[in-house]
file final_1.pdb (PDB, C-alpha atoms)
ATOM      1  CA  MET U  13       0.000   0.000   0.000
ATOM      2  CA  LYS U  14       1.799   3.116  -1.218
ATOM      3  CA  ILE U  15      -0.188   5.492   0.957
ATOM      4  CA  MET U  16       1.466   3.995   4.044
ATOM      5  CA  VAL U  17       4.856   4.979   2.611
ATOM      6  CA  TYR U  18       4.038   8.507   1.490
ATOM      7  CA  LEU U  19       1.581   9.538   4.187
ATOM      8  CA  PRO U  20       4.175   9.732   7.010
ATOM      9  CA  MET U  21       6.505  11.778   4.815
ATOM     10  CA  ALA U  22       3.699  14.145   3.859
ATOM     11  CA  MET U  23       2.678  14.427   7.512
ATOM     12  CA  VAL U  24       6.205  15.346   8.602
ATOM     13  CA  ILE U  25       6.567  17.995   5.925
ATOM     14  CA  ALA U  26       3.119  19.481   6.521
ATOM     15  CA  SER U  27       3.467  19.454  10.301
ATOM     16  CA  ASN U  28       6.873  21.159  10.168
ATOM     17  CA  VAL U  29       5.557  23.891   7.896
ATOM     18  CA  ILE U  30       2.486  24.417  10.079
ATOM     19  CA  TYR U  31       4.500  24.298  13.314
ATOM     20  CA  HIS U  32       7.035  26.890  12.187
ATOM     21  CA  ASN U  33       4.366  29.231  10.843
ATOM     22  CA  VAL U  34       2.278  28.953  13.994
ATOM     23  CA  SER U  35       5.281  29.321  16.318
ATOM     24  CA  LYS U  36       6.042  32.698  14.740
ATOM     25  CA  ASN U  37       2.552  33.865  15.748
ATOM     26  CA  THR U  38       2.730  32.584  19.337
ATOM     27  CA  PRO U  39       2.699  35.517  21.755
ATOM     28  CA  PRO U  40       6.096  36.073  23.397
ATOM     29  CA  ASP U  41       4.568  36.081  26.878
ATOM     30  CA  ALA U  42       2.872  32.676  26.392
ATOM     31  CA  ASN U  43       4.079  29.834  28.575
ATOM     32  CA  PRO U  44       6.351  27.718  26.335
ATOM     33  CA  MET U  45       5.534  24.436  28.118
ATOM     34  CA  LEU U  46       1.794  24.943  27.741
ATOM     35  CA  SER U  47       2.288  25.898  24.100
ATOM     36  CA  LEU U  48       4.332  22.761  23.476
ATOM     37  CA  ALA U  49       1.767  20.607  25.295
ATOM     38  CA  GLY U  50      -0.949  22.030  23.061
ATOM     39  CA  THR U  51       1.122  21.253  19.992
ATOM     40  CA  TYR U  52       1.597  17.635  21.056
ATOM     41  CA  LEU U  53      -2.086  17.281  21.980
ATOM     42  CA  VAL U  54      -3.191  18.393  18.513
ATOM     43  CA  SER U  55      -0.596  16.074  16.959
ATOM     44  CA  PHE U  56      -1.825  13.145  19.075
ATOM     45  CA  ILE U  57      -5.431  13.725  18.056
ATOM     46  CA  CYS U  58      -4.522  13.942  14.360
ATOM     47  CA  CYS U  59      -2.426  10.776  14.525
ATOM     48  CA  MET U  60      -5.142   8.827  16.325
ATOM     49  CA  VAL U  61      -7.762   9.868  13.759
ATOM     50  CA  ILE U  62      -5.480   8.796  10.912
ATOM     51  CA  TYR U  63      -4.671   5.530  12.720
ATOM     52  CA  LEU U  64      -8.328   4.705  13.226
ATOM     53  CA  VAL U  65      -9.255   5.581   9.644
ATOM     54  CA  LEU U  66      -6.402   3.829   7.834
ATOM     55  CA  ARG U  67      -5.631   0.881  10.113
ATOM     56  CA  PRO U  68      -8.764  -0.753  11.464
ATOM     57  CA  TYR U  69      -6.805  -3.276  13.518
ATOM     58  CA  ASP U  70      -7.108  -4.127  17.173
ATOM     59  CA  PHE U  71      -5.731  -1.195  19.187
ATOM     60  CA  ARG U  72      -4.803  -3.352  22.181
ATOM     61  CA  THR U  73      -2.725  -5.697  20.045
ATOM     62  CA  ASP U  74      -0.963  -2.818  18.321
ATOM     63  CA  PHE U  75      -0.360  -1.099  21.664
ATOM     64  CA  ARG U  76       1.283  -4.238  23.080
ATOM     65  CA  HIS U  77       3.822  -4.174  20.240
ATOM     66  CA  LEU U  78       5.166  -0.800  21.409
ATOM     67  CA  ASN U  79       8.342  -0.647  23.472
ATOM     68  CA  TRP U  80      10.530   1.978  25.118
ATOM     69  CA  SER U  81      11.850   3.329  21.793
ATOM     70  CA  THR U  82       8.470   4.740  20.823
TER
END
call {"tool": "encode", "arguments": {"input": "final_1.pdb", "output": "structure tokens"}}
result
Amino acid sequence: MKIMVYLPMAMVIASNVIYHNVSKNTPPDANPMLSLAGTYLVSFICCMVIYLVLRPYDFRTDFRHLNWST
């Protein structure tokens, strides 16, 4: 399935472009940790939606295959 090869690359490129454009508009007095947490929360939600749409496998089984490197 070619989409599984190109989708991660497209996601990295798009997320870097969006992140750098949004970070320029972040107010200088904003808490950087809260800003970063928000960034990772949005990323988590997007990844979970894509995971559930493209890979309708058992989440528990996939989660058990994760290890410390993830």
call {"tool": "resolve_selection", "arguments": {"input": "final_1.pdb", "expression": "the PyMOL selection byres ((chain U and resi 52-63) around 12)", "output": "list in words"}}
result
Ile15, Met16, Leu19, Pro20, Met23, Val24, Ala26, Ser27, Asn28, Ile30, Tyr31, Met45, Leu46, Ser47, Leu48, Ala49, Gly50, Thr51, Leu64, Val65, Leu66, Arg67, Pro68, Tyr69, Asp70, Phe71, Asp74 and Phe75 of chain U
call {"tool": "atom_distance", "arguments": {"input": "final_1.pdb", "atom1": "CA of Trp80 (chain U)", "atom2": "CA of Lys14 (chain U)"}}
result
27.8 Å
call {"tool": "atom_distance", "arguments": {"input": "final_1.pdb", "atom1": "CA of Ala22 (chain U)", "atom2": "CA of Asn79 (chain U)"}}
result
25.0 Å
call {"tool": "atom_distance", "arguments": {"input": "final_1.pdb", "atom1": "CA of Asp41 (chain U)", "atom2": "CA of Val29 (chain U)"}}
result
22.6 Å
